[in-house]
Structures are given as C-alpha cells and as structure tokens.
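As stored in query.txt (compact mmCIF, C-alpha atoms and all ligand atoms):
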```txt
# COMPACT_ATOMS: atom_id res chain seq x y z
CA MET A 19 10.77 1.84 -14.69
CA LEU A 20 11.53 -0.64 -11.98
CA ILE A 21 13.47 1.03 -9.22
CA THR A 22 15.79 -0.19 -6.50
CA GLY A 23 14.95 -0.20 -2.82
CA ARG A 24 17.42 2.64 -2.37
CA GLN A 25 15.59 4.78 -4.97
CA GLU A 26 12.28 3.90 -3.40
CA LYS A 27 13.59 5.15 -0.07
CA GLN A 28 14.60 8.38 -1.78
CA ILE A 29 11.03 8.87 -3.06
CA PHE A 30 9.52 8.27 0.37
CA GLU A 31 12.01 10.60 2.01
CA GLN A 32 11.24 13.33 -0.51
CA ALA A 33 7.51 12.87 0.15
CA ARG A 34 8.13 13.02 3.89
CA ASP A 35 10.13 16.24 3.63
CA GLU A 36 7.67 17.89 1.23
CA ARG A 37 4.53 16.58 2.99
CA TRP A 38 2.84 14.67 0.22
CA ALA A 39 1.88 11.01 0.04
CA ILE A 40 1.89 8.01 -2.27
CA GLY A 41 -1.21 5.87 -2.59
CA ALA A 42 -0.63 2.11 -2.47
CA PHE A 43 -3.20 0.55 -4.79
CA ASN A 44 -3.90 -3.17 -5.15
CA ALA A 45 -3.35 -5.15 -8.33
CA PHE A 46 -5.05 -8.54 -8.55
CA ASP A 47 -5.20 -8.95 -12.34
CA LEU A 48 -4.06 -7.22 -15.53
CA ASN A 49 -6.96 -4.76 -15.56
CA SER A 50 -6.39 -3.54 -12.02
CA LEU A 51 -2.65 -3.33 -12.79
CA GLU A 52 -3.39 -1.23 -15.91
CA ALA A 53 -5.68 1.08 -13.91
CA ILE A 54 -2.82 1.90 -11.50
CA MET A 55 -0.13 2.21 -14.17
CA GLN A 56 -2.20 4.40 -16.49
CA ALA A 57 -3.23 6.72 -13.63
CA ALA A 58 0.43 7.22 -12.63
CA GLU A 59 1.61 7.60 -16.23
CA GLU A 60 -1.06 10.19 -17.09
CA LEU A 61 0.07 12.28 -14.11
CA GLY A 62 3.77 11.49 -14.50
CA VAL A 63 4.07 10.44 -10.84
CA PRO A 64 5.51 7.32 -9.14
CA ALA A 65 3.22 4.27 -9.06
CA LEU A 66 2.93 2.00 -6.06
CA VAL A 67 1.56 -1.38 -7.12
CA GLN A 68 0.63 -3.44 -4.11
CA THR A 69 -0.26 -7.11 -4.05
CA TRP A 70 -1.01 -9.61 -1.37
CA ASP A 71 0.91 -12.86 -0.96
CA PHE A 72 -1.14 -14.64 -3.62
CA TYR A 73 1.51 -17.22 -4.31
CA ASN A 74 1.63 -18.48 -0.72
CA PRO A 75 1.46 -22.28 -1.21
CA GLU A 76 -0.22 -22.69 2.19
CA LYS A 77 -3.03 -20.27 1.33
CA PRO A 78 -3.06 -19.77 -2.43
CA ASN A 79 -5.21 -17.01 -3.95
CA MET A 80 -4.48 -18.27 -7.44
CA SER A 81 -2.84 -21.30 -8.94
CA GLU A 82 0.95 -21.44 -8.81
CA PHE A 83 1.05 -21.14 -12.58
CA ALA A 84 -1.31 -18.14 -12.69
CA ALA A 85 0.64 -16.43 -9.89
CA LYS A 86 3.96 -16.93 -11.69
CA VAL A 87 2.57 -15.56 -14.96
CA PHE A 88 0.98 -12.58 -13.21
CA ILE A 89 4.16 -11.70 -11.30
CA LYS A 90 6.09 -11.70 -14.56
CA GLN A 91 3.44 -9.50 -16.18
CA ILE A 92 3.58 -6.99 -13.32
CA ILE A 93 7.38 -6.80 -13.49
CA ASP A 94 7.47 -6.46 -17.29
CA ARG A 95 4.77 -3.77 -17.24
CA ALA A 96 6.60 -1.84 -14.51
CA ALA A 97 9.95 -2.11 -16.29
CA ALA A 98 8.48 -0.73 -19.53
CA SER A 99 6.87 2.29 -17.82
CA PRO A 100 8.38 5.79 -17.94
CA VAL A 101 7.40 6.40 -14.28
CA PRO A 102 9.17 4.87 -11.27
CA VAL A 103 7.29 1.83 -9.96
CA ILE A 104 7.36 0.50 -6.43
CA LEU A 105 6.24 -3.13 -6.15
CA HIS A 106 5.07 -3.77 -2.64
CA LEU A 107 3.99 -7.00 -0.98
CA ASP A 108 1.30 -6.17 1.58
CA HIS A 109 0.56 -7.75 5.01
CA THR A 110 2.83 -10.76 5.18
CA PRO A 111 2.82 -12.43 8.58
CA THR A 112 5.83 -14.70 8.16
CA PHE A 113 9.54 -14.48 7.41
CA GLY A 114 9.09 -17.05 4.63
CA GLY A 115 6.31 -15.01 3.01
CA CYS A 116 8.50 -11.90 2.95
CA MET A 117 11.33 -13.91 1.40
CA ARG A 118 8.93 -15.08 -1.35
CA GLY A 119 8.41 -11.41 -2.16
CA VAL A 120 12.16 -10.69 -2.22
CA ARG A 121 12.83 -13.73 -4.40
CA ASN A 122 10.05 -12.89 -6.86
CA GLY A 123 11.24 -9.36 -7.57
CA TRP A 124 9.31 -7.09 -5.21
CA ASN A 125 11.36 -4.08 -4.10
CA SER A 126 9.36 -3.63 -0.91
CA VAL A 127 7.71 -6.07 1.52
CA MET A 128 5.60 -5.72 4.65
CA ILE A 129 6.16 -7.90 7.67
CA ASP A 130 3.01 -7.73 9.78
CA ALA A 131 3.71 -9.02 13.25
CA SER A 132 1.62 -6.31 14.90
CA ALA A 133 -0.60 -8.83 16.70
CA LYS A 134 2.46 -10.22 18.50
CA SER A 135 4.14 -8.75 21.59
CA LEU A 136 6.41 -5.74 21.02
CA GLU A 137 9.49 -7.91 21.63
CA GLU A 138 8.38 -10.59 19.18
CA ASN A 139 7.39 -7.97 16.61
CA ILE A 140 10.84 -6.35 16.87
CA ALA A 141 12.66 -9.70 16.62
CA LEU A 142 10.74 -10.96 13.58
CA SER A 143 10.87 -7.59 11.77
CA ALA A 144 14.63 -7.31 12.41
CA LYS A 145 15.11 -10.78 10.92
CA VAL A 146 13.26 -9.74 7.74
CA VAL A 147 15.27 -6.50 7.54
CA GLU A 148 18.53 -8.41 7.91
CA ALA A 149 17.63 -10.67 4.97
CA ALA A 150 15.90 -8.07 2.74
CA HIS A 151 18.32 -5.14 2.95
CA PRO A 152 21.28 -6.92 1.31
CA CYS A 153 18.90 -7.65 -1.61
CA ASP A 154 18.04 -3.92 -1.81
CA VAL A 155 14.45 -4.53 -0.72
CA LEU A 156 12.72 -2.18 1.71
CA VAL A 157 10.73 -3.42 4.68
CA GLU A 158 7.50 -1.99 6.08
CA GLY A 159 6.54 -2.98 9.63
CA GLU A 160 3.47 -2.26 11.72
CA ILE A 161 3.15 -1.19 15.32
CA GLY A 162 -0.25 -0.87 16.98
CA HIS A 163 -2.87 -2.93 15.21
CA VAL A 164 -5.01 -1.43 12.41
CA ALA A 165 -8.30 -3.16 13.11
CA GLY A 166 -10.78 -4.77 10.75
CA ASN A 167 -14.15 -3.09 10.36
CA SER A 168 -15.80 -4.65 13.40
CA GLY A 169 -16.62 -1.29 14.96
CA LEU A 170 -14.31 -1.97 17.90
CA ASP A 171 -12.49 0.95 19.45
CA THR A 172 -9.18 1.70 17.84
CA ILE A 173 -6.07 1.44 19.93
CA TYR A 174 -3.79 4.24 18.78
CA THR A 175 -0.10 3.44 18.32
CA ASP A 176 1.89 4.28 21.44
CA VAL A 177 4.74 6.69 20.67
CA ASP A 178 7.31 5.06 22.98
CA ASP A 179 6.48 1.61 21.56
CA ALA A 180 6.89 2.98 18.01
CA VAL A 181 10.30 4.47 18.85
CA ALA A 182 11.44 1.16 20.38
CA TYR A 183 10.05 -0.79 17.43
CA VAL A 184 11.70 1.30 14.71
CA LYS A 185 15.03 1.44 16.56
CA GLY A 186 15.04 -2.29 17.37
CA SER A 187 13.83 -3.59 14.01
CA GLY A 188 15.49 -1.25 11.49
CA VAL A 189 12.37 -1.16 9.27
CA ASP A 190 12.21 1.48 6.51
CA LEU A 191 8.50 2.32 6.72
CA CYS A 192 6.20 2.10 9.69
CA ALA A 193 2.44 1.44 9.55
CA VAL A 194 0.72 3.04 12.51
CA SER A 195 -2.74 2.83 14.01
CA ILE A 196 -4.24 6.31 14.08
CA GLY A 197 -7.97 5.71 13.79
CA THR A 198 -8.51 4.06 10.41
CA VAL A 199 -9.76 0.50 9.83
CA HIS A 200 -9.44 -1.96 6.97
CA GLY A 201 -12.43 -2.26 4.64
CA PHE A 202 -15.69 -0.40 5.29
CA TYR A 203 -16.39 1.80 8.28
CA ALA A 204 -19.11 0.60 10.63
CA THR A 205 -18.81 3.85 12.62
CA GLU A 206 -17.25 7.25 11.90
CA PRO A 207 -13.45 7.05 11.94
CA LYS A 208 -11.86 9.10 14.71
CA LEU A 209 -8.50 10.11 13.31
CA ASN A 210 -5.93 11.21 15.84
CA TYR A 211 -3.93 13.90 13.98
CA ASP A 212 -1.98 14.87 17.09
CA ARG A 213 -0.77 11.29 17.39
CA ILE A 214 0.35 11.28 13.76
CA ALA A 215 2.33 14.49 14.39
CA GLU A 216 3.85 13.06 17.61
CA LEU A 217 4.88 9.90 15.77
CA ARG A 218 6.40 11.88 12.91
CA GLU A 219 8.39 13.92 15.40
CA ALA A 220 9.56 10.87 17.39
CA ILE A 221 10.61 8.58 14.53
CA ASP A 222 12.46 9.57 11.42
CA ILE A 223 11.09 7.07 8.90
CA PRO A 224 7.96 7.47 6.71
CA LEU A 225 4.62 6.69 8.36
CA VAL A 226 2.04 4.49 6.63
CA MET A 227 -1.75 4.70 6.92
CA HIS A 228 -3.69 1.48 6.34
CA GLY A 229 -7.43 1.52 5.69
CA GLY A 230 -7.56 4.69 3.57
CA SER A 231 -10.93 3.83 2.01
CA GLY A 232 -13.86 5.93 3.19
CA LEU A 233 -11.94 8.97 4.44
CA THR A 234 -12.83 12.45 3.22
CA GLU A 235 -10.49 14.63 1.19
CA GLU A 236 -9.98 16.80 4.26
CA GLN A 237 -9.11 13.78 6.43
CA PHE A 238 -6.51 12.66 3.90
CA LYS A 239 -5.01 16.12 3.61
CA LYS A 240 -4.81 16.65 7.38
CA SER A 241 -3.23 13.20 7.84
CA ILE A 242 -0.62 13.99 5.18
CA ALA A 243 0.05 17.47 6.59
CA ASN A 244 0.73 15.80 9.95
CA GLY A 245 3.12 13.20 8.56
CA ILE A 246 1.50 10.29 6.68
CA VAL A 247 3.57 9.39 3.58
CA LYS A 248 2.09 6.11 2.26
CA ILE A 249 -1.65 5.47 2.12
CA ASN A 250 -2.99 1.96 1.55
CA PHE A 251 -6.17 2.38 -0.44
CA ALA A 252 -7.96 -0.68 -1.79
CA THR A 253 -11.65 -1.19 -1.02
CA TYR A 254 -13.09 1.95 -2.62
CA VAL A 255 -11.08 1.46 -5.81
CA GLN A 256 -12.73 -1.95 -6.14
CA ILE A 257 -16.13 -0.36 -5.55
CA ALA A 258 -15.47 2.31 -8.21
CA GLY A 259 -14.57 -0.38 -10.76
CA GLY A 260 -17.41 -2.67 -9.66
CA LYS A 261 -20.05 0.06 -9.91
CA ALA A 262 -18.91 1.01 -13.41
CA ILE A 263 -19.25 -2.63 -14.42
CA ALA A 264 -22.77 -2.77 -12.92
CA ASP A 265 -23.70 0.39 -14.88
CA ALA A 266 -22.23 -1.02 -18.07
CA VAL A 267 -24.30 -4.18 -17.71
CA ALA A 268 -27.55 -2.50 -16.62
CA GLY A 269 -30.27 -2.57 -19.26
CA GLN A 270 -28.06 -4.36 -21.78
CA GLU A 271 -29.47 -7.39 -23.47
CA ARG A 272 -26.08 -8.40 -24.79
CA PRO A 273 -23.41 -6.95 -22.53
CA MET A 274 -19.99 -7.47 -24.09
CA PHE A 275 -17.31 -8.92 -21.80
CA ASN A 276 -14.56 -6.74 -23.27
CA ASN A 277 -16.55 -3.50 -22.95
CA VAL A 278 -17.73 -4.28 -19.43
CA VAL A 279 -14.24 -5.08 -18.17
CA LYS A 280 -12.86 -1.97 -19.84
CA ALA A 281 -15.51 0.20 -18.15
CA GLY A 282 -14.41 -1.15 -14.76
CA GLN A 283 -10.74 -0.57 -15.53
CA ASN A 284 -11.29 3.00 -16.72
CA ALA A 285 -13.40 3.90 -13.69
CA ALA A 286 -10.77 2.45 -11.34
CA ARG A 287 -8.06 4.39 -13.21
CA ASP A 288 -9.94 7.71 -12.88
CA PHE A 289 -10.66 7.08 -9.20
CA ILE A 290 -6.99 6.28 -8.53
CA LYS A 291 -5.93 9.37 -10.46
CA MET A 292 -8.26 11.54 -8.40
CA HIS A 293 -6.73 10.16 -5.21
CA MET A 294 -3.17 10.61 -6.43
CA GLN A 295 -4.12 14.28 -6.86
CA ILE A 296 -5.74 14.48 -3.41
CA PHE A 297 -2.59 12.91 -1.90
CA GLY A 298 -0.48 15.53 -3.71
CA THR A 299 1.73 12.85 -5.29
CA ARG A 300 4.48 14.60 -7.25
CA PRO A 301 6.85 13.68 -10.08
CA VAL A 302 10.30 12.74 -8.79
CA SER A 303 13.74 12.74 -10.34
CA LEU A 304 15.95 9.87 -9.28
ZN ZN B 401 -3.41 -3.01 5.83
```
Go ahead and render the structure in this file as structure tokens.
Amino acid sequence: MLITGRQEKQIFEQARDERWAIGAFNAFDLNSLEAIMQAAEELGVPALVQTWDFYNPEKPNMSEFAAKVFIKQIIDRAAASPVPVILHLDHTPTFGGCMRGVRNGWNSVMIDASAKSLEENIALSAKVVEAAHPCDVLVEGEIGHVAGNSGLDTIYTDVDDAVAYVKGSGVDLCAVSIGTVHGFYATEPKLNYDRIAELREAIDIPLVMHGGSGLTEEQFKKSIANGIVKINFATYVQIAGGKAIADAVAGQERPMFNNVVKAGQNAARDFIKMHMQIFGTRPVSL
C-alpha cells in the first residue's frame, strides 16, 4: 500500500525506538522494482523503493515518456501491495528537483546540500521542508559529506553541526557521515560507532547511512544497534543481479532474454531479502 508521509514517519520512529533498520533499495526498471517488492512481500515488512531524479530535464536518465510511464508503474505496483511502501527520491541537489518528486507522487525526498556551507545547507533544506510538509512528504537531509570511493579520508559528521542543522532545517531524516562511502571501497571502511551513538543521543530524528554496500553483517548490526535507521544499499544489489545474469548466459549457445533477466531479478530479490533480515526489518501496523 502507498502510505502517507505521516505513516512513514511512524515506521521510522518505531524502527528508531526498537533499534532495527530499513534498507533503501534502488529501482531503475520493472525488474529491479519487482525484486524489492517481492522481497518485502515475502517477509511481510515495509518496502523502501528508492529512485534517483531520472526525470530531471537538465540531466535526463531516461526519456521524459519512459520516466512518466515508469513512475506510474512504481506507484501502481506500490498501491497494489499488501505491505507499506515508502517511495523515496534520493540525492537531489536542488529545490526544483525535490519539488518534482513531491509533484510526481513520492512520499519522501532527499535534499542534498551537504557540499554547501552549514548555513546554506540549513537554508535550502528548510525551504524544501516548508514546501514538502504541507504535501505530507518527508524530507531527508545530509550533514557531513558521504564521500565517493576515491579512498580519501572520511570526515565524520560533527555533532554540534548536526544539532544545528536538524534544528534549523526541520528535516525528518538525517544522513550522516560515519565512515562509509558510496560505491565500492578502495580501502577498509573505518566506521565510527561512537559517533553514531553520539549523534543518536544529540538529535531526535532517524539517522541514515549512505554507502551500505560492502559492509559486513557485524558492521551493519553494530551501526543499527548504535542508532542507524535507514540504510541506502545499491551497488551490491546490482552486482548480485549482474552476476546471476552472467552465470545464466555462461556456456549457453542460445541464452533466452526472458530467462536471463528473470535470473537477475530473482538473485537481486534474494540478496535484498537477506539484507532485510540482517537489518532486522520488522512488520509494522499503521
Ligand atoms: Zn547516498
């Protein structure tokens, strides 16, 4: 079922209180969408379908027509599901981009102004919150930059900055930099669990981890025990699906498109399911 921003907040708050997390998995086509939905439905837990801003006219990932059709498919699929579905628009650097998400039916959007100064980040995030909240859409912000996989040292989110950011912006979820990176790891991640716990103590909204791919089960569990509630997890799901496709094609003289695609979808579904279980994602009653 499609849920409201208010219900979504209820799910995140329950997860925060009970110390479990929700994985945010990326949908880029119908097969990846099915993988997420089937994993959540088989476990009876909330699904978090995350997309990027693929209908941005300045930087389109797909044609306007394809994007419109896909958005409608995601919403229809979510509405027909027995489990609650959060539709989240990931990393959106502009006010206009966030408003595209609100207008197109997402119940959660991320404004990413983390590369800007604290003051500018607060001002832009507050503007998005002011416009999104009356439409019952939640807003995720980011403080402290989660790096790409360049191997550069991570700068951990400063607790005082995070307090000022959350108070000044009014965001509902806060992405923090605690030692993970986006994509693959060039070096071993150094997760700062104490910082997660300090942040959880200092701010009373759910904390988000970006760059979940490549962490061990123990690293996930310790991060969640210390206060992480939403985990963005994309790269390794793509690898799981991609490898299954490679296996399905290997040695085949006549690989069938439908079978190959299905193999990728099923492998992604099982991998997502396994991570929902590692994250301790629970059924919720709204
Ligand atoms: Zn991210």
Item checked: Nearest to Asp265 (chain A), chosen from A:Cys116, A:Ala281, A:Ala84, A:Ile214, with only C-alpha atoms counted in the distances -> A:Ala281
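Close contacts of Val63 (chain A), defined as residues with an atom at most 10 Å away when counting all atoms listed in the file, with chain neighbours fewer than 2 positions off set aside, comprise A:Ile40, A:Met55, A:Ala57, A:Ala58, A:Glu59, A:Glu60, A:Leu61, A:Ala65, A:Leu66, A:Pro100, A:Val101, A:Pro102, A:Val103, A:Met294, A:Gln295, A:Gly298, A:Thr299, A:Arg300, A:Pro301, A:Val302, A:Ser303.
With all atoms listed in the file as the basis for measurement, A:Ser195 is the residue among A:Gln270, A:Thr112, A:Ser135, A:Ser195 that approaches ligand ZN 401 (chain B) most closely.
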Checklist line | Long-range neighbours of Tyr211 (chain A) as a count of residues only, 10 Å cut-off, only C-alpha atoms, 4 positions minimum in chain | finding: 13
Check: Using only C-alpha atoms, which of the listed residues (A:Ala141, A:Ala220, A:Ala85, A:Ala98) sits closest to Asp176 (chain A)?
Finding: A:Ala220
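Near Ala286 (chain A), within 8 Å and counting all atoms listed in the file, sit Ser50, Ala53, Ile54, Val255, Gln256, Ala258 and Gly259 of chain A, not including residues fewer than 6 positions from it in the same chain.
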Item checked: Expected selection as number ranges by chain for ligand ZN 401 (chain B) within 8 Å, only C-alpha atoms and all ligand atoms -> A: 108-109, 164, 200, 227-229, 250
Notebook entry, point to check: How far is it from CA of Phe238 (chain A) to CA of Thr253 (chain A), in Å with one decimal?
Noted result: 15.6 Å
Next item on the list: Considering all atoms listed in the file, state which residue in the set A:Val194, A:Val157, A:Val278, A:Ala45 is at the smallest distance from Lys261 (chain A).
Entry: A:Val278
Next item on the list: Skip Tyr183 (chain A) itself and residues of its chain fewer than 5 positions away, then list as an NGL selection string all residues within 8 Å of it, counting all atoms listed in the file.
Entry: :A and (136 or 139-140 or 161)
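Look at Thr22 (chain A): the protein and nucleic acid residues within 12 Å of it, using all atoms listed in the file and passing over chain neighbours fewer than 5 places away, are Lys27, Gln28, Ile29, Ala97, Pro102, Val103, Ile104, Leu105, His106, Val120, Gly123, Trp124, Asn125, Ser126, His151, Pro152, Cys153, Asp154, Val155, Leu156 and Leu304 of chain A.
If you look at CA of Ser187 (chain A) and CA of Glu148 (chain A), they are 9.1 Å away from each other.
Between CA of Ala33 (chain A) and CA of Ile223 (chain A) lies a distance of 11.1 Å.
Nearest residue to Gly201 (chain A) among A:Glu52, A:Val177, A:Gly230, A:Asp222 is A:Gly230, counting only C-alpha atoms.
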Notebook entry, point to check: Restricting the calculation to only C-alpha atoms, which member of A:Pro273, A:Gly188, A:Gly114, A:Gly62 is positioned closest to Glu158 (chain A)?
Noted result: A:Gly188
Could you give me the axis-aligned bounding box of region 83-96 of chain A, with 8 Å of padding per side, as centre plus edge lengths in Å to one decimal, as JSON?
```
{"center_x": 3.1, "center_y": -11.5, "center_z": -13.6, "size_x": 24.8, "size_y": 35.3, "size_z": 23.4}
```
